[in-house]
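First up is the structure itself, then whatever we jot down about it.
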Amino acid sequence: MINRRGMIRIVGMGALGAVLSACGGERTETAATGSLDGSSGTPPVRSDALSCAVASSLEKIMPVFSRLFVENYSLPSPTFQAAASGTLATQIAEGAPFDLFLAADSVAMRPLIDAKLVMQADIHPVVQTDIVIVARTNRGIVTLDDIRTSGTKIVVGDAQVPIGRYTQLLLKAISKRTGDRTFTEAFTQNIVSYEDKATAVSQKFFAGDADVAVLYRSDLYGNDTNDYVVLPLPTKVSLQSTYVSVVLPGAKQGAIDFVNLLTNPAHAGIWSKYGFRPLGT
Amino acid sequence: MASDRWAHSARRTTLAVLGIPLVALFVLPLFGLLLRSTPDALLAAALSPAVTQALGLTLLTTGAVVLITIVAGTPLAIVLTTRSAYHHWIRTLIDIPAVLPPAVAGLALLAIFGRMGWFGQFLADHGLFIPFTTTAVVLAQLFVAAPLYIKACMIAYEGLDPMLADAARIDGATAWQYWRLVVFPLTSAGMQAGIAMTTARALGEFGATALFAGSMPGRTRTMALAIYVSAESDPAAATAMSIILLSTALILLILTNTRAATHQ
């Protein structure tokens, strides 16, 4: 038996829940022009604006290129939807109306090729970033060997997402280079979470709940350099993630121009400032 | 007489027609899931270690949440039905976790129990670390799901006629007899509805768990998290896992609702 007051309460709770839940969500969407740090306000989204799906680790830099795009091509400011590359690929394969897709690796493009939306030849590299192992400064971890200490809390990406695939490659490369096969085992034993995207890894690391994380160097941008140390890798061990782009079928005017803007050598400095490695450097 | 029946029937039909789109919205996506998978894919998913591990963990943590909720939530609901000066404030505070976006719930839990958190620092000094553990999963689920049970219980208790207590006293019933023979039989349907809601909410909890407990197979990766991660690279497996979770939820809800209906 629910009385009238109870009913009102349930309805009130539901309404409040619906409103608050609408504030949550896994993805973020922005239409950005703004200053170089992307901090200025967001204008209303225009229907003729380019709609771009971007890997979550590119979210910080996109407003900068958006501003350059508006300046150079006199077209409306693109909108960006940032999420894990695999999630975006699935959404596009299911019909999400994007003009351009920027993924954290080429493997993430597979659903689009399988759905015959694009061909391998349509996929082009855009930029790279180093894969780094970082440790919190207050944990006394300064070398890779320190990671072996029992109780060290490591957060990495799941093997099903780009940052996780790169993490596995990096661990293999370290073990191979050093000839120490126990390193990967010791490292894996200390992993406390396999996250579903790069930004989730960096969130847990920079919140202080993890001691060590494997991240893109670009994820370090904007964080206090006193909080973390990038651990030196063995000589000749170096791994870069390569971001790739694809212009989707039926893309609006300007999609190719936007990709050209991203890969223009004149803008290498912008990429570098945000921790990326422009192609050919 | 016949025209009354016709009017009644017409009213019911109109109401049913108005409700059909909503029912279709609830049901069609679920059928869509079923149609998208194959028996082979379902069987393969059901037998995969990733699913058995995630499902086992989900059932374990959900069971723990339901148990803790009943043991601690029932007395709390009883207390909260008693009027006091701060009664409205406390009730509102208890409602908040259930209506918060799950990500906010996760951040809030980290703010308290995280290593840099207010209470987490104290715990860490004593060698206790909650984030990234199964305990964190239970806490996250408890935080978002328990208020639903407490709320349902409170509504059930408030629906009781106050004269029943007087009548029981006049008839010489002890307090225990009054609760056992009057209150529990009359409120058990509401309590079971609360259990069903709490179970369903805990079973599907995602956001707070992802932020607070992380995603470690066998330790913190519940079915909801396993489905999300799998959707990244293997949507077919994610669909099969979704059907398995859906079936589990359905079985639990049918069991609870059947018991509630029997009591009514």
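To be explicit about the labels: the chains of the structure tokens are called A, B, and onward in the order shown, and within each one the residues are counted from 1, while ligands get numbers from 1 in the order they are shown.
Neighbouring residues of segment 220-226 of chain B at 7 Å or closer, counting only C-alpha atoms and skipping chain neighbours under 4 positions away, are Ala54, Leu55, Leu57, Thr58, Phe132, Thr133, Thr134, Val137, Gly204, Glu205, Phe206, Ala213, Gly214, Ser215, Met216, Ser230 and Leu245 of chain B.
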Write out, as CSV, each residue of chain B that has an atom at most 9 Å from chain A, together with the closest pair of atoms and their distance in Å to one decimal, counting only C-alpha atoms, rows going by chain and rising number.
residue,atom,partner,partner_atom,distance
B:Asp95,CA,A:Met13,CA,7.2
B:Ile96,CA,A:Met13,CA,8.5
B:Ala98,CA,A:Gly17,CA,7.4
B:Val99,CA,A:Gly17,CA,4.0
B:Leu100,CA,A:Leu20,CA,6.0
B:Pro101,CA,A:Ser21,CA,4.5
B:Pro102,CA,A:Gly24,CA,7.4
B:Ala103,CA,A:Gly24,CA,6.5
B:Val104,CA,A:Gly24,CA,7.8
B:Leu110,CA,A:Asp209,CA,8.5
B:Gly114,CA,A:Asp209,CA,6.2
B:Arg115,CA,A:Asp209,CA,5.5
B:Met116,CA,A:Gly208,CA,6.2
B:Pro131,CA,A:Asp209,CA,7.4
B:Phe132,CA,A:Val192,CA,6.0
B:Thr133,CA,A:Val192,CA,8.2
B:Lys151,CA,A:Ile10,CA,8.5
B:Met154,CA,A:Gly6,CA,8.7
B:Ile155,CA,A:Gly6,CA,5.8
B:Ala156,CA,A:Met1,CA,6.4
B:Glu158,CA,A:Asn3,CA,7.9
B:Gly159,CA,A:Met1,CA,5.8
B:Leu160,CA,A:Met1,CA,8.3
B:Thr187,CA,A:Met1,CA,8.5
B:Ala189,CA,A:Met1,CA,8.9
B:Gly190,CA,A:Met1,CA,7.6
B:Gly207,CA,A:Glu26,CA,8.7
B:Ala210,CA,A:Glu195,CA,8.2
B:Leu211,CA,A:Lys204,CA,7.8
B:Phe212,CA,A:Lys204,CA,8.9
B:Ala213,CA,A:Ser193,CA,8.1
B:Gly214,CA,A:Ser193,CA,5.2
B:Ser215,CA,A:Ser193,CA,4.9
B:Met216,CA,A:Ser193,CA,4.7
B:Pro217,CA,A:Tyr194,CA,8.1
B:Arg219,CA,A:Val192,CA,8.8
B:Thr220,CA,A:Ser193,CA,8.1
B:Arg221,CA,A:Ser193,CA,8.7
B:Leu225,CA,A:Asp196,CA,8.6
B:Tyr228,CA,A:Asp196,CA,7.7
B:Val229,CA,A:Asp196,CA,5.6
B:Ser230,CA,A:Gln160,CA,7.0
B:Ala231,CA,A:Thr87,CA,6.9
B:Glu232,CA,A:Gly86,CA,4.3
B:Ser233,CA,A:Gln160,CA,5.6
B:Asp234,CA,A:Gln160,CA,8.3
B:Pro235,CA,A:Thr90,CA,7.6
field: In segment 59-136 of chain A, DSSP strand (DSSP E or B) residues written as number ranges by chain
entry: A: 79-83, 100-103, 124-136
field: Non-local contacts of Ile78 of chain B (9 Å; only C-alpha atoms; under 3 positions in same chain excluded) as a ChimeraX atom specification
entry: /B:73-75,81-82,150,153-154,157
Would you save the residues of that selection, restricted to N, CA, C and O atoms, as a PDB file, in the first residue's frame?
ATOM      1  N   GLY B  73      19.336  -1.900   6.841  1.00  0.00           N
ATOM      2  CA  GLY B  73      18.343  -0.975   6.287  1.00  0.00           C
ATOM      3  C   GLY B  73      16.980  -1.076   6.934  1.00  0.00           C
ATOM      4  O   GLY B  73      16.287  -0.062   7.058  1.00  0.00           O
ATOM      5  N   THR B  74      16.596  -2.288   7.360  1.00  0.00           N
ATOM      6  CA  THR B  74      15.259  -2.447   7.961  1.00  0.00           C
ATOM      7  C   THR B  74      15.131  -1.635   9.267  1.00  0.00           C
ATOM      8  O   THR B  74      14.192  -0.834   9.388  1.00  0.00           O
ATOM      9  N   PRO B  75      16.073  -1.787  10.216  1.00  0.00           N
ATOM     10  CA  PRO B  75      15.947  -0.957  11.419  1.00  0.00           C
ATOM     11  C   PRO B  75      15.985   0.536  11.104  1.00  0.00           C
ATOM     12  O   PRO B  75      15.264   1.323  11.720  1.00  0.00           O
ATOM     13  N   THR B  81      10.674   6.184  10.151  1.00  0.00           N
ATOM     14  CA  THR B  81       9.223   6.425  10.082  1.00  0.00           C
ATOM     15  C   THR B  81       8.727   7.112  11.355  1.00  0.00           C
ATOM     16  O   THR B  81       7.619   7.603  11.409  1.00  0.00           O
ATOM     17  N   THR B  82       9.608   7.133  12.380  1.00  0.00           N
ATOM     18  CA  THR B  82       9.268   7.824  13.622  1.00  0.00           C
ATOM     19  C   THR B  82       9.597   9.303  13.454  1.00  0.00           C
ATOM     20  O   THR B  82      10.702   9.639  13.036  1.00  0.00           O
ATOM     21  N   ILE B 150      15.411   0.925   1.571  1.00  0.00           N
ATOM     22  CA  ILE B 150      15.010   1.702   2.762  1.00  0.00           C
ATOM     23  C   ILE B 150      13.748   2.502   2.454  1.00  0.00           C
ATOM     24  O   ILE B 150      12.806   2.557   3.246  1.00  0.00           O
ATOM     25  N   CYS B 153      10.707   0.255   2.258  1.00  0.00           N
ATOM     26  CA  CYS B 153      10.312  -0.165   3.612  1.00  0.00           C
ATOM     27  C   CYS B 153       9.579   0.949   4.336  1.00  0.00           C
ATOM     28  O   CYS B 153       8.551   0.728   4.970  1.00  0.00           O
ATOM     29  N   MET B 154      10.120   2.166   4.224  1.00  0.00           N
ATOM     30  CA  MET B 154       9.509   3.304   4.911  1.00  0.00           C
ATOM     31  C   MET B 154       8.071   3.516   4.424  1.00  0.00           C
ATOM     32  O   MET B 154       7.158   3.753   5.213  1.00  0.00           O
ATOM     33  N   TYR B 157       5.859   0.814   5.892  1.00  0.00           N
ATOM     34  CA  TYR B 157       5.547   1.029   7.315  1.00  0.00           C
ATOM     35  C   TYR B 157       4.572   2.188   7.504  1.00  0.00           C
ATOM     36  O   TYR B 157       3.693   2.153   8.358  1.00  0.00           O
TER      37      TYR B 157
END
message: Taking 2 positions as the minimum chain separation for residues in the same chain, which residues sit within 6 Å of Val212 of chain A when counting only C-alpha atoms? Answer as an MDAnalysis selection string.
response: chainID A and resid 134:135 154 210
DSSP-assigned helix (DSSP H, G or I) among segment 94-194 of chain B, expressed as a compact mmCIF listing (two decimals) with N, CA and C atoms, in the first residue's frame:
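Written out: states.txt:
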# COMPACT_ATOMS: atom_id res chain seq x y z
N ILE B 94 19.18 10.31 2.87
CA ILE B 94 19.16 8.90 2.46
C ILE B 94 18.72 8.75 1.01
N ASP B 95 17.90 9.68 0.56
CA ASP B 95 17.45 9.62 -0.85
C ASP B 95 18.59 9.96 -1.82
N ILE B 96 19.51 10.81 -1.39
CA ILE B 96 20.50 11.37 -2.32
C ILE B 96 21.30 10.32 -3.09
N PRO B 97 21.90 9.31 -2.41
CA PRO B 97 22.73 8.36 -3.18
C PRO B 97 21.97 7.68 -4.32
N ALA B 98 20.66 7.46 -4.12
CA ALA B 98 19.89 6.75 -5.14
C ALA B 98 19.63 7.62 -6.37
N VAL B 99 19.69 8.93 -6.20
CA VAL B 99 19.39 9.79 -7.35
C VAL B 99 20.64 10.44 -7.94
N PRO B 102 25.78 7.94 -11.24
CA PRO B 102 26.73 6.96 -10.69
C PRO B 102 28.18 7.46 -10.64
N ALA B 103 28.57 8.26 -11.64
CA ALA B 103 29.95 8.76 -11.64
C ALA B 103 30.20 9.65 -10.43
N VAL B 104 29.18 10.43 -10.05
CA VAL B 104 29.32 11.30 -8.87
C VAL B 104 29.44 10.43 -7.62
N ALA B 105 28.67 9.34 -7.60
CA ALA B 105 28.74 8.42 -6.46
C ALA B 105 30.16 7.86 -6.34
N GLY B 106 30.76 7.49 -7.48
CA GLY B 106 32.12 6.95 -7.47
C GLY B 106 33.12 7.98 -6.97
N LEU B 107 33.00 9.20 -7.45
CA LEU B 107 33.92 10.26 -7.02
C LEU B 107 33.74 10.54 -5.52
N ALA B 108 32.48 10.53 -5.06
CA ALA B 108 32.21 10.79 -3.65
C ALA B 108 32.84 9.71 -2.77
N LEU B 109 32.72 8.46 -3.22
CA LEU B 109 33.31 7.36 -2.44
C LEU B 109 34.83 7.47 -2.42
N LEU B 110 35.41 7.88 -3.56
CA LEU B 110 36.87 8.06 -3.59
C LEU B 110 37.29 9.20 -2.66
N ALA B 111 36.45 10.24 -2.61
CA ALA B 111 36.78 11.39 -1.77
C ALA B 111 36.85 11.00 -0.30
N ILE B 112 36.14 9.96 0.08
CA ILE B 112 36.17 9.50 1.47
C ILE B 112 37.12 8.31 1.66
N PHE B 113 36.96 7.30 0.82
CA PHE B 113 37.72 6.06 1.04
C PHE B 113 38.97 5.94 0.17
N TRP B 118 39.51 11.48 2.85
CA TRP B 118 39.47 11.87 4.25
C TRP B 118 39.64 10.67 5.19
N PHE B 119 38.89 9.62 4.97
CA PHE B 119 38.95 8.43 5.82
C PHE B 119 39.96 7.42 5.25
N GLY B 120 40.14 7.46 3.92
CA GLY B 120 41.05 6.53 3.27
C GLY B 120 42.49 6.69 3.75
N GLN B 121 42.88 7.94 4.02
CA GLN B 121 44.26 8.18 4.50
C GLN B 121 44.47 7.50 5.84
N PHE B 122 43.46 7.63 6.70
CA PHE B 122 43.53 7.00 8.03
C PHE B 122 43.62 5.48 7.88
N LEU B 123 42.78 4.94 6.99
CA LEU B 123 42.80 3.48 6.77
C LEU B 123 44.15 3.03 6.21
N ALA B 124 44.68 3.82 5.25
CA ALA B 124 45.97 3.46 4.63
C ALA B 124 47.08 3.43 5.68
N ASP B 125 47.01 4.37 6.63
CA ASP B 125 48.02 4.39 7.72
C ASP B 125 47.96 3.11 8.54
N THR B 134 37.32 -6.00 -3.79
CA THR B 134 35.93 -6.44 -3.88
C THR B 134 35.07 -5.67 -2.86
N THR B 135 35.68 -5.30 -1.74
CA THR B 135 34.96 -4.50 -0.74
C THR B 135 34.48 -3.19 -1.38
N ALA B 136 35.32 -2.63 -2.24
CA ALA B 136 34.95 -1.37 -2.91
C ALA B 136 33.73 -1.57 -3.81
N VAL B 137 33.68 -2.74 -4.46
CA VAL B 137 32.52 -3.04 -5.32
C VAL B 137 31.25 -3.07 -4.45
N VAL B 138 31.35 -3.79 -3.32
CA VAL B 138 30.18 -3.90 -2.42
C VAL B 138 29.77 -2.51 -1.92
N LEU B 139 30.76 -1.70 -1.53
CA LEU B 139 30.43 -0.35 -1.03
C LEU B 139 29.76 0.49 -2.10
N ALA B 140 30.27 0.40 -3.33
CA ALA B 140 29.70 1.19 -4.43
C ALA B 140 28.26 0.76 -4.69
N GLN B 141 28.03 -0.55 -4.73
CA GLN B 141 26.68 -1.06 -4.99
C GLN B 141 25.75 -0.70 -3.83
N LEU B 142 26.28 -0.84 -2.61
CA LEU B 142 25.49 -0.54 -1.41
C LEU B 142 25.07 0.93 -1.41
N PHE B 143 26.00 1.78 -1.76
CA PHE B 143 25.78 3.23 -1.76
C PHE B 143 24.62 3.62 -2.67
N VAL B 144 24.58 3.03 -3.86
CA VAL B 144 23.55 3.43 -4.82
C VAL B 144 22.26 2.61 -4.71
N ALA B 145 22.37 1.39 -4.17
CA ALA B 145 21.20 0.51 -4.21
C ALA B 145 20.42 0.43 -2.90
N ALA B 146 21.10 0.54 -1.76
CA ALA B 146 20.42 0.36 -0.47
C ALA B 146 19.29 1.37 -0.23
N PRO B 147 19.45 2.64 -0.64
CA PRO B 147 18.36 3.60 -0.39
C PRO B 147 17.03 3.16 -1.00
N LEU B 148 17.08 2.40 -2.08
CA LEU B 148 15.83 1.96 -2.72
C LEU B 148 15.04 1.05 -1.79
N TYR B 149 15.75 0.17 -1.10
CA TYR B 149 15.09 -0.74 -0.15
C TYR B 149 14.57 0.05 1.05
N ILE B 150 15.41 0.92 1.57
CA ILE B 150 15.01 1.70 2.76
C ILE B 150 13.75 2.50 2.45
N LYS B 151 13.74 3.12 1.27
CA LYS B 151 12.59 3.92 0.85
C LYS B 151 11.32 3.05 0.78
N ALA B 152 11.46 1.88 0.14
CA ALA B 152 10.29 1.00 -0.01
C ALA B 152 9.77 0.56 1.35
N CYS B 153 10.71 0.25 2.26
CA CYS B 153 10.31 -0.17 3.61
C CYS B 153 9.58 0.95 4.34
N MET B 154 10.12 2.17 4.22
CA MET B 154 9.51 3.30 4.91
C MET B 154 8.07 3.52 4.42
N ILE B 155 7.91 3.41 3.11
CA ILE B 155 6.57 3.61 2.54
C ILE B 155 5.62 2.51 3.04
N ALA B 156 6.14 1.28 3.12
CA ALA B 156 5.32 0.16 3.60
C ALA B 156 4.91 0.38 5.06
N TYR B 157 5.86 0.81 5.89
CA TYR B 157 5.55 1.03 7.32
C TYR B 157 4.57 2.19 7.50
N GLU B 158 4.77 3.22 6.70
CA GLU B 158 3.89 4.39 6.84
C GLU B 158 2.46 4.09 6.39
N MET B 163 -3.86 2.54 14.25
CA MET B 163 -4.79 1.92 15.20
C MET B 163 -4.50 0.44 15.41
N LEU B 164 -3.76 -0.16 14.45
CA LEU B 164 -3.42 -1.58 14.59
C LEU B 164 -2.58 -1.82 15.84
N ALA B 165 -1.67 -0.89 16.12
CA ALA B 165 -0.79 -1.03 17.29
C ALA B 165 -1.63 -0.98 18.56
N ASP B 166 -2.58 -0.03 18.60
CA ASP B 166 -3.45 0.09 19.77
C ASP B 166 -4.28 -1.19 19.95
N ALA B 167 -4.81 -1.66 18.82
CA ALA B 167 -5.65 -2.87 18.88
C ALA B 167 -4.85 -4.06 19.38
N ALA B 168 -3.62 -4.17 18.92
CA ALA B 168 -2.76 -5.29 19.34
C ALA B 168 -2.47 -5.19 20.83
N ARG B 169 -2.21 -3.94 21.29
CA ARG B 169 -1.92 -3.74 22.71
C ARG B 169 -3.12 -4.13 23.57
N ILE B 170 -4.30 -3.69 23.12
CA ILE B 170 -5.54 -4.00 23.88
C ILE B 170 -5.76 -5.51 23.95
N ALA B 175 5.29 -6.59 22.13
CA ALA B 175 5.85 -5.82 21.01
C ALA B 175 6.33 -6.76 19.90
N TRP B 176 6.98 -7.84 20.33
CA TRP B 176 7.50 -8.82 19.35
C TRP B 176 6.36 -9.47 18.57
N GLN B 177 5.31 -9.83 19.33
CA GLN B 177 4.14 -10.45 18.66
C GLN B 177 3.51 -9.48 17.68
N TYR B 178 3.43 -8.21 18.06
CA TYR B 178 2.85 -7.19 17.17
C TYR B 178 3.66 -7.10 15.86
N TRP B 179 4.99 -7.07 16.00
CA TRP B 179 5.84 -6.97 14.80
C TRP B 179 5.75 -8.24 13.95
N ARG B 180 5.78 -9.40 14.63
CA ARG B 180 5.83 -10.68 13.91
C ARG B 180 4.48 -11.00 13.24
N LEU B 181 3.40 -10.73 13.98
CA LEU B 181 2.08 -11.17 13.49
C LEU B 181 1.30 -10.09 12.74
N VAL B 182 1.70 -8.83 12.94
CA VAL B 182 0.95 -7.74 12.28
C VAL B 182 1.82 -6.98 11.27
N VAL B 183 2.93 -6.44 11.79
CA VAL B 183 3.73 -5.54 10.94
C VAL B 183 4.38 -6.28 9.78
N PHE B 184 5.11 -7.35 10.05
CA PHE B 184 5.83 -8.03 8.97
C PHE B 184 4.90 -8.59 7.90
N PRO B 185 3.79 -9.27 8.28
CA PRO B 185 2.90 -9.76 7.20
C PRO B 185 2.34 -8.63 6.34
N LEU B 186 2.06 -7.48 6.97
CA LEU B 186 1.45 -6.40 6.20
C LEU B 186 2.48 -5.60 5.37
N THR B 187 3.72 -5.68 5.77
CA THR B 187 4.73 -4.87 5.06
C THR B 187 5.66 -5.73 4.19
N SER B 188 5.52 -7.04 4.26
CA SER B 188 6.50 -7.89 3.56
C SER B 188 6.48 -7.69 2.05
N ALA B 189 5.30 -7.39 1.49
CA ALA B 189 5.26 -7.18 0.04
C ALA B 189 6.08 -5.95 -0.35
N GLY B 190 5.93 -4.89 0.44
CA GLY B 190 6.71 -3.66 0.19
C GLY B 190 8.20 -3.91 0.35
N MET B 191 8.55 -4.69 1.41
CA MET B 191 9.96 -4.99 1.65
C MET B 191 10.53 -5.80 0.48
N GLN B 192 9.74 -6.73 -0.02
CA GLN B 192 10.25 -7.56 -1.13
C GLN B 192 10.37 -6.75 -2.42
N ALA B 193 9.47 -5.79 -2.58
CA ALA B 193 9.61 -4.90 -3.74
C ALA B 193 10.92 -4.12 -3.61
N GLY B 194 11.21 -3.70 -2.38
CA GLY B 194 12.47 -2.98 -2.12
C GLY B 194 13.67 -3.86 -2.40
